Amino acid sequence: MEIGERRQIISRRFSLDTLLLLAILLLALATRLPGLDVFLTADEARSWFGRSIIFLDSLARGDLANTAPGGEVPYIANVSLSPGPGVTTMWSGAIGLVLAYLRQGAPGPLTDFLRSVPFDPLDPAMLPFLRLTGVLVAAITAGLTFRWSRPLVGRPAAFLAAALVALDPFYLALSRVLGHDALVSSFMWLSVLAFLRAMHHRQTGSAGSRQDTIFLVVSGACAGLAVLSKYPALFLGGFVGLFLLVFHLARRDGRAPRQVALMLLRDLFLWSVSAAAVMVLLWPAMWVDPLTPLVAIFTDALRASGSAHQKGSFFLGRPVPDPGALFYPLVVVFRTTPVVFLGFLVWLWSLARGRKPAGEETIPAPRSLLLLTLLAYILLYGLLVTYGGKKQDRYILPAFPAMAMLAAVGYLYIATVGGRLRQTSFRAWLVPVGAVLVQLVLVVPYFPYYFTYYNPLAGGGRAAVALIPVGWGEGLNEAAAYLNRLPEAEALRVTSWYSTTFEPFFKGQAIYKLEDEKISRSPKPGLAADYVVFYVNQVQRELPSAGALQFFRARPPVHTVTLNGIDYAWIYPSLGVEHIFAGEARLVGQAELLGYTLTDEAGQPVAALFPESVGILSLYWEWQGKSPDDPLGLSLVDETGKTRGWGNPIETTAPLPFEQWQEGMVVRSDFALVIFPDTPPGDYRLSVWIDRPATGETVGVFPLEEVIRVVPR
């Protein structure tokens, strides 16, 4: 072949690779860039947005030590930097903040701008800036998947793998929010892929080109970025070390054990140094004290590995503290697509049969060590996250790009059925292009709510909501939009699960918590509101309690938010109880007092009573085991304990019969509170207790500091 012909072939291949790369980048960006401000997820507002402000403020002031875990600034309350560590997430948020700052024309010092940024609630107009870096990282990851995997699996399979990564609905959804799961998945995948490229160069005898060393260093650098994103990426150190040993033993080429050991140590050194260099370079806290951030990471990793989620989980139709070993396999089935799922099964089938491909040498056999390494990565990482007590569907995301790669190879084996296949043939591209088109048809209709996608082969969203936790905050924006259309919406008080996700879209007052009582722990905020918004994963986990949900959900909702066939949020009218008890007023195993309303005999609200008057006091309490035969008693007492008013019981009501109550049911007990004639004006303490008529005893008196004012007639 003449030199000119070779140049033409190289030029054509370069042009084709460039076109394919551009197509992948276009797919990744076109599905991610639009609609970045539509809704918020749970951890973005107060967690990662607040931490990004702290991180950038610390950099702007030169306070590098404040970028370590625990770092905070005085103008953002109750938010500090996490040992997560989430450094790449904070860099992403910081870049977004700088872009927003520059778009406003750089008005004054950056630190002043950060103090003026709407934080709680977050301004949705900030979201495209904050999320842009994550979108670009995902697009670059898809592009590099094509470029780096082409020598491993051939051009058609590399294109399909990259397209499946770009269009994976779970990865797509998570890469459109400010968080660390998509980032750690991207960097872990690129680290593994670069490692495979390095080993591929070793296997093909091209080590002299130094490509193996370059990719080994790149793998370590990507691992450093992954560890800066989230501590489960520490897994990469053990994984790469193990498979470096495997690859060295697989091609000893007559070398003595000492030579193999020296080469292994050299590779580990290069990989580790490049990972450490990136970590030190990109985490300013390590410039001043490298040990403290590392200790924080390892300490938090050990803590989280054994603890269940604070608010519990949901699995196979019931709330559980830890969903167990079957959780992630089921999540993978629901979160993947039919295209990836079937392709992966085909590859496993070819692995079991051990069938060699009929294609070119660049298409690896199913038992190729490179592909088996990917399978080991999926399985070992799955075991790692399964070991931890805290389990959420997003934790398994780093396994998805590797599954996409193996699925692409599986489709390549479908294309090779019937004889030898050249990468330039029409049939070589028919299957990959068809798979990409099917993936597009399956995923794009879910825009902008990609989180609502669940594998139709597993029953889709309707089956998922019955088996695994569902809901990231999507749909609460729609609930806010409905309430905003109500008359006098600005005056409404609404309690919502994920309040910081709901509040930015709501015109009225969103009640996040009362004192320290949040809707995740108590029905108090819901009782104080005009409306309460329940969310799907809150209902799945029965928070704040099964009984509280019974109380509010006994009536039909005024509105239900449904996205792609899944009911995500329900809006219920609430009571607007004005007097909510601060702190705990509880008798363990019996009941907890929540709040009360006070009206005159005509039902009109009153702020005070007077001697010889009768007020109707409706007491709301939470059932925690109290016998229906043990009634509540109520009175007003002065500072000496003398009774100044007596509550005559009227009735006790709940939306369901006692036999159906679950723990936490909210109950209303009405009393006619009679103020004694000789009661002087003043403030009197409300006293509530539980009687036991069967024995003539008092079960206990609730610890209350609430006072009711008595005024002159």
# chains A, B, ... in the order shown; residues from 1 in each chain; ligands from 1
>>> residues_around(residues="range 569-573 of chain A", least_positions_apart="2", cutoff="8 Å", atoms="only C-alpha atoms", output="number ranges by chain")
A: 475-476, 479, 530-536, 552-553, 555-562, 567, 575
>>> closest_atom_pairs(of="range 439-555 of chain A", to="range 175-196 of chain A", cutoff="12 Å", atoms="only C-alpha atoms", output="JSON lines")
{"residue": "A:Phe447", "atom": "CA", "partner": "A:Arg176", "partner_atom": "CA", "distance": 11.3}
{"residue": "A:Pro448", "atom": "CA", "partner": "A:Arg176", "partner_atom": "CA", "distance": 9.6}
{"residue": "A:Tyr449", "atom": "CA", "partner": "A:Arg176", "partner_atom": "CA", "distance": 10.3}
{"residue": "A:Tyr450", "atom": "CA", "partner": "A:Arg176", "partner_atom": "CA", "distance": 9.4}
{"residue": "A:Phe451", "atom": "CA", "partner": "A:Arg176", "partner_atom": "CA", "distance": 10.3}
{"residue": "A:Trp472", "atom": "CA", "partner": "A:Val177", "partner_atom": "CA", "distance": 10.6}
{"residue": "A:Gly473", "atom": "CA", "partner": "A:Val177", "partner_atom": "CA", "distance": 11.3}
{"residue": "A:Glu474", "atom": "CA", "partner": "A:Val177", "partner_atom": "CA", "distance": 11.5}
>>> write_last_selection(atoms="C-alpha atoms", output="PDB file, in the first residue's frame")
ATOM      1  CA  PHE A 447     -37.511  15.024  29.890  1.00  0.00           C
ATOM      2  CA  PRO A 448     -37.052  16.975  32.140  1.00  0.00           C
ATOM      3  CA  TYR A 449     -37.926  14.450  34.858  1.00  0.00           C
ATOM      4  CA  TYR A 450     -35.407  11.730  34.003  1.00  0.00           C
ATOM      5  CA  PHE A 451     -35.545  10.510  37.606  1.00  0.00           C
ATOM      6  CA  TRP A 472     -35.727  13.057  44.541  1.00  0.00           C
ATOM      7  CA  GLY A 473     -37.794  16.226  44.817  1.00  0.00           C
ATOM      8  CA  GLU A 474     -39.200  16.211  41.309  1.00  0.00           C
TER       9      GLU A 474
END
>>> atom_distance(atom1="CA of Leu26 in chain A", atom2="CA of Val444 in chain A")
13.7 Å
>>> closest_residue(among="A:Trp347, A:Ala480, A:Leu99, A:Leu372", to="Val38 in chain A", atoms="only C-alpha atoms")
A:Ala480
>>> residues_around(residues="Thr31 in chain A", least_positions_apart="3", cutoff="8 Å", atoms="only C-alpha atoms", output="number ranges by chain")
A: 27-28, 34, 167, 172, 444, 447
>>> residues_around(residues="Ala233 in chain A", least_positions_apart="5", cutoff="12 Å", atoms="only C-alpha atoms", output="MDAnalysis selection string")
chainID A and resid 84:86 180:181 183:189 191:192 220 222:228 238:240 275 297:298 301 377 381 384:385 395:399
>>> select_by_dssp(residues="range 259-424 of chain A", states="helix (DSSP H, G or I)", output="compact mmCIF listing (two decimals) with N, CA and C atoms, in the first residue's frame")
# COMPACT_ATOMS: atom_id res chain seq x y z
N GLN A 259 11.38 -9.54 39.32
CA GLN A 259 11.12 -8.55 38.29
C GLN A 259 9.64 -8.18 38.24
N VAL A 260 8.80 -9.19 38.37
CA VAL A 260 7.35 -8.94 38.38
C VAL A 260 6.99 -8.04 39.56
N ALA A 261 7.56 -8.33 40.72
CA ALA A 261 7.26 -7.53 41.92
C ALA A 261 7.72 -6.09 41.74
N LEU A 262 8.90 -5.90 41.15
CA LEU A 262 9.40 -4.55 40.95
C LEU A 262 8.53 -3.76 39.97
N MET A 263 8.10 -4.43 38.90
CA MET A 263 7.22 -3.76 37.93
C MET A 263 5.87 -3.42 38.57
N LEU A 264 5.38 -4.33 39.38
CA LEU A 264 4.12 -4.08 40.08
C LEU A 264 4.24 -2.88 41.01
N LEU A 265 5.32 -2.83 41.78
CA LEU A 265 5.53 -1.71 42.69
C LEU A 265 5.70 -0.40 41.93
N ARG A 266 6.38 -0.46 40.78
CA ARG A 266 6.54 0.75 39.97
C ARG A 266 5.18 1.27 39.51
N ASP A 267 4.34 0.37 39.01
CA ASP A 267 3.01 0.77 38.53
C ASP A 267 2.16 1.33 39.66
N LEU A 268 2.20 0.66 40.80
CA LEU A 268 1.43 1.15 41.95
C LEU A 268 1.91 2.52 42.38
N PHE A 269 3.22 2.72 42.33
CA PHE A 269 3.78 4.01 42.72
C PHE A 269 3.31 5.11 41.77
N LEU A 270 3.39 4.87 40.47
CA LEU A 270 2.96 5.87 39.49
C LEU A 270 1.48 6.20 39.66
N TRP A 271 0.67 5.15 39.80
CA TRP A 271 -0.78 5.34 39.93
C TRP A 271 -1.09 6.12 41.21
N SER A 272 -0.49 5.73 42.31
CA SER A 272 -0.79 6.35 43.61
C SER A 272 -0.30 7.79 43.66
N VAL A 273 0.88 8.05 43.13
CA VAL A 273 1.42 9.41 43.16
C VAL A 273 0.56 10.35 42.33
N SER A 274 0.12 9.90 41.16
CA SER A 274 -0.73 10.77 40.34
C SER A 274 -2.07 11.02 41.03
N ALA A 275 -2.63 10.01 41.71
CA ALA A 275 -3.88 10.21 42.46
C ALA A 275 -3.67 11.20 43.60
N ALA A 276 -2.59 11.02 44.35
CA ALA A 276 -2.32 11.91 45.47
C ALA A 276 -2.04 13.32 45.00
N ALA A 277 -1.32 13.46 43.88
CA ALA A 277 -0.99 14.80 43.37
C ALA A 277 -2.25 15.57 43.03
N VAL A 278 -3.20 14.90 42.38
CA VAL A 278 -4.45 15.57 42.02
C VAL A 278 -5.23 15.97 43.28
N MET A 279 -5.26 15.09 44.27
CA MET A 279 -5.98 15.40 45.50
C MET A 279 -5.39 16.63 46.20
N VAL A 280 -4.07 16.67 46.27
CA VAL A 280 -3.42 17.81 46.92
C VAL A 280 -3.61 19.08 46.11
N LEU A 281 -3.50 18.95 44.80
CA LEU A 281 -3.59 20.13 43.94
C LEU A 281 -4.97 20.78 43.99
N LEU A 282 -6.03 19.97 44.04
CA LEU A 282 -7.39 20.50 43.91
C LEU A 282 -8.12 20.68 45.24
N ALA A 285 -7.41 22.76 51.24
CA ALA A 285 -7.18 22.45 52.66
C ALA A 285 -5.93 21.59 52.83
N MET A 286 -5.61 20.79 51.84
CA MET A 286 -4.45 19.92 51.94
C MET A 286 -3.14 20.68 51.73
N TRP A 287 -3.23 21.90 51.24
CA TRP A 287 -2.01 22.71 51.09
C TRP A 287 -1.46 23.13 52.45
N VAL A 288 -2.38 23.27 53.41
CA VAL A 288 -1.95 23.75 54.73
C VAL A 288 -1.91 22.63 55.76
N LEU A 291 -3.09 16.12 56.47
CA LEU A 291 -3.49 14.97 57.27
C LEU A 291 -4.95 15.07 57.73
N THR A 292 -5.36 16.24 58.20
CA THR A 292 -6.70 16.39 58.78
C THR A 292 -7.81 16.04 57.81
N PRO A 293 -7.81 16.53 56.55
CA PRO A 293 -8.88 16.12 55.62
C PRO A 293 -8.91 14.62 55.37
N LEU A 294 -7.73 14.00 55.27
CA LEU A 294 -7.70 12.56 55.02
C LEU A 294 -8.27 11.78 56.19
N VAL A 295 -7.93 12.19 57.40
CA VAL A 295 -8.47 11.53 58.59
C VAL A 295 -9.99 11.67 58.62
N ALA A 296 -10.49 12.85 58.24
CA ALA A 296 -11.93 13.08 58.23
C ALA A 296 -12.62 12.16 57.23
N ILE A 297 -12.01 11.98 56.05
CA ILE A 297 -12.59 11.10 55.03
C ILE A 297 -12.67 9.67 55.54
N PHE A 298 -11.55 9.15 56.05
CA PHE A 298 -11.53 7.76 56.51
C PHE A 298 -12.45 7.55 57.71
N THR A 299 -12.49 8.50 58.61
CA THR A 299 -13.35 8.38 59.79
C THR A 299 -14.82 8.33 59.38
N ASP A 300 -15.20 9.22 58.46
CA ASP A 300 -16.59 9.24 58.03
C ASP A 300 -16.93 7.99 57.23
N ALA A 301 -15.97 7.49 56.45
CA ALA A 301 -16.21 6.27 55.70
C ALA A 301 -16.49 5.10 56.64
N LEU A 302 -15.71 4.99 57.70
CA LEU A 302 -15.92 3.92 58.67
C LEU A 302 -17.26 4.08 59.39
N ARG A 303 -17.60 5.33 59.71
CA ARG A 303 -18.87 5.57 60.40
C ARG A 303 -20.05 5.21 59.52
N ALA A 304 -20.01 5.66 58.27
CA ALA A 304 -21.15 5.45 57.37
C ALA A 304 -21.29 4.00 56.94
N SER A 305 -20.18 3.25 56.95
CA SER A 305 -20.23 1.88 56.46
C SER A 305 -21.10 0.98 57.34
N GLY A 306 -21.28 1.35 58.59
CA GLY A 306 -22.05 0.48 59.46
C GLY A 306 -23.38 1.04 59.91
N PHE A 327 -31.12 -5.26 47.67
CA PHE A 327 -31.54 -3.91 47.30
C PHE A 327 -30.91 -3.46 45.98
N TYR A 328 -29.59 -3.51 45.89
CA TYR A 328 -28.93 -2.98 44.70
C TYR A 328 -29.19 -3.79 43.44
N PRO A 329 -29.24 -5.14 43.51
CA PRO A 329 -29.64 -5.86 42.29
C PRO A 329 -31.01 -5.41 41.77
N LEU A 330 -31.96 -5.19 42.68
CA LEU A 330 -33.28 -4.75 42.25
C LEU A 330 -33.23 -3.33 41.71
N VAL A 331 -32.44 -2.47 42.34
CA VAL A 331 -32.28 -1.10 41.85
C VAL A 331 -31.70 -1.10 40.44
N VAL A 332 -30.70 -1.94 40.21
CA VAL A 332 -30.09 -2.01 38.88
C VAL A 332 -31.13 -2.43 37.85
N VAL A 333 -31.95 -3.40 38.18
CA VAL A 333 -32.98 -3.85 37.24
C VAL A 333 -33.94 -2.72 36.91
N PHE A 334 -34.34 -1.94 37.90
CA PHE A 334 -35.30 -0.87 37.67
C PHE A 334 -34.66 0.36 37.02
N ARG A 335 -33.42 0.65 37.38
CA ARG A 335 -32.81 1.90 36.92
C ARG A 335 -32.14 1.79 35.56
N PRO A 338 -34.04 -1.32 28.97
CA PRO A 338 -34.06 -2.61 28.26
C PRO A 338 -32.87 -2.79 27.33
N VAL A 339 -32.40 -1.71 26.74
CA VAL A 339 -31.26 -1.82 25.81
C VAL A 339 -30.02 -2.30 26.56
N VAL A 340 -29.70 -1.66 27.68
CA VAL A 340 -28.52 -2.05 28.44
C VAL A 340 -28.74 -3.41 29.10
N PHE A 341 -29.90 -3.62 29.65
CA PHE A 341 -30.18 -4.86 30.37
C PHE A 341 -30.05 -6.07 29.44
N LEU A 342 -30.66 -6.00 28.26
CA LEU A 342 -30.61 -7.13 27.34
C LEU A 342 -29.21 -7.32 26.77
N GLY A 343 -28.54 -6.22 26.45
CA GLY A 343 -27.17 -6.33 25.94
C GLY A 343 -26.24 -6.95 26.96
N PHE A 344 -26.42 -6.56 28.23
CA PHE A 344 -25.59 -7.13 29.29
C PHE A 344 -25.86 -8.62 29.45
N LEU A 345 -27.13 -9.01 29.35
CA LEU A 345 -27.46 -10.43 29.45
C LEU A 345 -26.86 -11.23 28.28
N VAL A 346 -26.87 -10.62 27.09
CA VAL A 346 -26.26 -11.29 25.94
C VAL A 346 -24.78 -11.50 26.18
N TRP A 347 -24.11 -10.49 26.72
CA TRP A 347 -22.68 -10.65 26.99
C TRP A 347 -22.45 -11.75 28.02
N LEU A 348 -23.27 -11.79 29.08
CA LEU A 348 -23.12 -12.86 30.07
C LEU A 348 -23.35 -14.23 29.44
N TRP A 349 -24.31 -14.29 28.52
CA TRP A 349 -24.58 -15.55 27.83
C TRP A 349 -23.37 -15.97 27.00
N SER A 350 -22.78 -15.03 26.29
CA SER A 350 -21.59 -15.35 25.49
C SER A 350 -20.42 -15.72 26.39
N LEU A 351 -20.37 -15.10 27.58
CA LEU A 351 -19.31 -15.45 28.53
C LEU A 351 -19.49 -16.89 29.00
N ALA A 352 -20.72 -17.28 29.28
CA ALA A 352 -20.98 -18.64 29.74
C ALA A 352 -20.66 -19.66 28.66
N ARG A 353 -20.96 -19.33 27.41
CA ARG A 353 -20.69 -20.24 26.31
C ARG A 353 -19.22 -20.24 25.91
N LEU A 369 -9.52 -10.83 29.42
CA LEU A 369 -9.22 -10.35 30.76
C LEU A 369 -9.68 -8.92 30.97
N LEU A 370 -9.67 -8.12 29.90
CA LEU A 370 -10.14 -6.74 30.00
C LEU A 370 -11.62 -6.69 30.36
N LEU A 371 -12.42 -7.51 29.68
CA LEU A 371 -13.85 -7.52 29.95
C LEU A 371 -14.17 -8.15 31.30
N LEU A 372 -13.43 -9.17 31.66
CA LEU A 372 -13.63 -9.78 32.97
C LEU A 372 -13.28 -8.80 34.09
N THR A 373 -12.32 -7.93 33.81
CA THR A 373 -11.98 -6.89 34.79
C THR A 373 -13.16 -5.95 35.00
N LEU A 374 -13.85 -5.61 33.92
CA LEU A 374 -15.04 -4.76 34.05
C LEU A 374 -16.13 -5.46 34.85
N LEU A 375 -16.33 -6.74 34.59
CA LEU A 375 -17.33 -7.49 35.35
C LEU A 375 -16.95 -7.53 36.83
N ALA A 376 -15.67 -7.73 37.11
CA ALA A 376 -15.21 -7.73 38.50
C ALA A 376 -15.42 -6.37 39.15
N TYR A 377 -15.20 -5.31 38.39
CA TYR A 377 -15.44 -3.96 38.91
C TYR A 377 -16.89 -3.79 39.34
N ILE A 378 -17.81 -4.25 38.49
CA ILE A 378 -19.24 -4.14 38.82
C ILE A 378 -19.57 -4.94 40.07
N LEU A 379 -19.11 -6.16 40.12
CA LEU A 379 -19.47 -7.04 41.24
C LEU A 379 -18.82 -6.59 42.55
N LEU A 380 -17.54 -6.25 42.50
CA LEU A 380 -16.84 -5.87 43.72
C LEU A 380 -17.36 -4.54 44.26
N TYR A 381 -17.62 -3.60 43.36
CA TYR A 381 -18.18 -2.33 43.84
C TYR A 381 -19.58 -2.55 44.41
N GLY A 382 -20.36 -3.42 43.76
CA GLY A 382 -21.68 -3.74 44.29
C GLY A 382 -21.61 -4.33 45.69
N LEU A 383 -20.62 -5.20 45.92
CA LEU A 383 -20.44 -5.76 47.26
C LEU A 383 -20.07 -4.68 48.27
N LEU A 384 -19.25 -3.73 47.84
CA LEU A 384 -18.84 -2.66 48.74
C LEU A 384 -20.03 -1.85 49.24
N VAL A 385 -20.87 -1.39 48.32
CA VAL A 385 -22.00 -0.56 48.74
C VAL A 385 -23.07 -1.38 49.45
N THR A 386 -23.12 -2.68 49.15
CA THR A 386 -24.07 -3.55 49.85
C THR A 386 -23.66 -3.74 51.30
N TYR A 387 -22.35 -3.75 51.54
CA TYR A 387 -21.85 -3.93 52.91
C TYR A 387 -22.29 -2.79 53.81
N ASP A 393 -30.42 4.37 46.14
CA ASP A 393 -30.25 3.89 44.77
C ASP A 393 -29.07 4.55 44.07
N ARG A 394 -28.80 5.81 44.34
CA ARG A 394 -27.73 6.53 43.63
C ARG A 394 -26.34 5.98 43.95
N TYR A 395 -26.19 5.26 45.06
CA TYR A 395 -24.87 4.78 45.44
C TYR A 395 -24.32 3.73 44.45
N ILE A 396 -25.19 3.08 43.70
CA ILE A 396 -24.75 2.04 42.77
C ILE A 396 -24.43 2.63 41.39
N LEU A 397 -24.62 3.91 41.19
CA LEU A 397 -24.42 4.52 39.87
C LEU A 397 -23.04 4.25 39.27
N PRO A 398 -21.93 4.24 40.03
CA PRO A 398 -20.62 3.99 39.39
C PRO A 398 -20.53 2.68 38.61
N ALA A 399 -21.41 1.74 38.85
CA ALA A 399 -21.38 0.48 38.10
C ALA A 399 -22.03 0.60 36.73
N PHE A 400 -22.83 1.64 36.51
CA PHE A 400 -23.63 1.72 35.28
C PHE A 400 -22.80 1.90 34.01
N PRO A 401 -21.77 2.77 33.97
CA PRO A 401 -21.00 2.88 32.73
C PRO A 401 -20.33 1.57 32.32
N ALA A 402 -19.84 0.80 33.29
CA ALA A 402 -19.23 -0.49 32.97
C ALA A 402 -20.27 -1.45 32.40
N MET A 403 -21.48 -1.41 32.94
CA MET A 403 -22.55 -2.24 32.38
C MET A 403 -22.86 -1.85 30.95
N ALA A 404 -22.84 -0.54 30.68
CA ALA A 404 -23.10 -0.07 29.32
C ALA A 404 -22.03 -0.59 28.36
N MET A 405 -20.79 -0.59 28.80
CA MET A 405 -19.70 -1.09 27.95
C MET A 405 -19.89 -2.58 27.64
N LEU A 406 -20.18 -3.37 28.64
CA LEU A 406 -20.37 -4.80 28.41
C LEU A 406 -21.61 -5.06 27.57
N ALA A 407 -22.65 -4.23 27.76
CA ALA A 407 -23.85 -4.37 26.92
C ALA A 407 -23.51 -4.08 25.46
N ALA A 408 -22.68 -3.06 25.22
CA ALA A 408 -22.27 -2.74 23.85
C ALA A 408 -21.53 -3.90 23.21
N VAL A 409 -20.64 -4.53 23.98
CA VAL A 409 -19.94 -5.71 23.45
C VAL A 409 -20.93 -6.84 23.19
N GLY A 410 -21.94 -6.96 24.05
CA GLY A 410 -22.97 -7.97 23.81
C GLY A 410 -23.68 -7.76 22.49
N TYR A 411 -24.02 -6.52 22.17
CA TYR A 411 -24.67 -6.24 20.89
C TYR A 411 -23.72 -6.49 19.72
N LEU A 412 -22.45 -6.28 19.93
CA LEU A 412 -21.49 -6.58 18.88
C LEU A 412 -21.47 -8.08 18.58
N TYR A 413 -21.67 -8.89 19.61
CA TYR A 413 -21.74 -10.33 19.38
C TYR A 413 -23.01 -10.71 18.62
N ILE A 414 -24.08 -9.97 18.85
CA ILE A 414 -25.28 -10.20 18.05
C ILE A 414 -24.99 -9.90 16.59
N ALA A 415 -24.24 -8.82 16.36
CA ALA A 415 -23.93 -8.42 14.99
C ALA A 415 -23.00 -9.41 14.31
>>> residues_around(residues="Ser687 in chain A", least_positions_apart="5", cutoff="7 Å", atoms="only C-alpha atoms", output="JSON, numbers by chain")
{"A": [634, 635, 636, 637, 704]}
>>> write_last_selection(atoms="N, CA and C atoms", output="mmCIF file, in the first residue's frame")
data_model
loop_
_atom_site.group_PDB
_atom_site.id
_atom_site.type_symbol
_atom_site.label_atom_id
_atom_site.label_comp_id
_atom_site.auth_asym_id
_atom_site.auth_seq_id
_atom_site.Cartn_x
_atom_site.Cartn_y
_atom_site.Cartn_z
ATOM 1 N N LEU A 634 -57.757 17.859 81.907
ATOM 2 C CA LEU A 634 -57.202 19.168 81.554
ATOM 3 C C LEU A 634 -57.657 20.205 82.560
ATOM 4 N N SER A 635 -56.748 21.114 82.917
ATOM 5 C CA SER A 635 -57.101 22.205 83.831
ATOM 6 C C SER A 635 -56.132 23.362 83.631
ATOM 7 N N LEU A 636 -56.442 24.496 84.293
ATOM 8 C CA LEU A 636 -55.526 25.625 84.389
ATOM 9 C C LEU A 636 -55.088 25.733 85.838
ATOM 10 N N VAL A 637 -53.789 25.920 86.065
ATOM 11 C CA VAL A 637 -53.289 26.033 87.433
ATOM 12 C C VAL A 637 -52.408 27.269 87.543
ATOM 13 N N LEU A 704 -45.558 20.402 80.514
ATOM 14 C CA LEU A 704 -46.006 21.531 79.701
ATOM 15 C C LEU A 704 -45.609 22.846 80.336
#
>>> residues_around(residues="Val699 in chain A", least_positions_apart="3", cutoff="8 Å", atoms="only C-alpha atoms", output="ChimeraX atom specification")
/A:689-692
>>> atom_distance(atom1="CA of Leu514 in chain A", atom2="CA of Ala582 in chain A")
7.9 Å
>>> closest_residue(among="A:Glu584, A:Glu488, A:Glu706, A:Glu612", to="Ile675 in chain A", atoms="only C-alpha atoms")
A:Glu612
>>> closest_residue(among="A:Val470, A:Ala510, A:Leu549, A:Leu457", to="Ala489 in chain A", atoms="only C-alpha atoms")
A:Ala510
>>> atom_distance(atom1="CA of Leu64 in chain A", atom2="CA of Ser47 in chain A")
19.8 Å
>>> closest_residue(among="A:Arg115, A:Ala161, A:Phe49, A:Phe129", to="Thr141 in chain A", atoms="only C-alpha atoms")
A:Ala161
>>> select_by_dssp(residues="range 474-683 of chain A", states="strand (DSSP E)", output="VMD selection string")
chain A and resid 493 to 496 509 to 511 513 to 514 517 to 518 531 to 535 559 to 563 566 to 573 579 to 580 586 to 587 591 to 599 614 to 623 632 to 637 643 to 653 666 to 675 682 to 683
>>> closest_residue(among="A:Val165, A:Ile54, A:Ala65, A:Ala250", to="Leu114 in chain A", atoms="only C-alpha atoms")
A:Ile54
>>> residues_around(residues="Met665 in chain A", least_positions_apart="3", cutoff="10 Å", atoms="only C-alpha atoms", output="list in words")
Pro523, Ser545, Ala546, Gly547, Ala548, Leu549, Gln550, Phe551, Phe552, Ala591, Trp621, Glu622, Trp623, Gln624, Gly625, Ala654, Pro655, Leu656, Phe658, Gln660, Trp661 and Gln662 of chain A
>>> decode(residues="range 464-482 of chain A", atoms="C-alpha atoms", output="compact mmCIF listing (two decimals), in the first residue's frame")
# COMPACT_ATOMS: atom_id res chain seq x y z
CA ALA A 464 -40.88 0.59 41.28
CA VAL A 465 -42.95 2.69 43.67
CA ALA A 466 -44.19 -0.50 45.32
CA LEU A 467 -40.73 -2.00 45.76
CA ILE A 468 -37.94 0.60 46.07
CA PRO A 469 -37.60 4.22 47.25
CA VAL A 470 -38.84 6.72 44.69
CA GLY A 471 -38.52 10.51 44.49
CA TRP A 472 -35.73 13.06 44.54
CA GLY A 473 -37.79 16.23 44.82
CA GLU A 474 -39.20 16.21 41.31
CA GLY A 475 -42.88 17.06 41.42
CA LEU A 476 -42.71 19.40 44.41
CA ASN A 477 -42.25 22.24 41.94
CA GLU A 478 -45.54 21.15 40.37
CA ALA A 479 -47.20 21.11 43.80
CA ALA A 480 -45.96 24.67 44.39
CA ALA A 481 -47.30 25.72 40.98
CA TYR A 482 -50.77 24.41 41.91
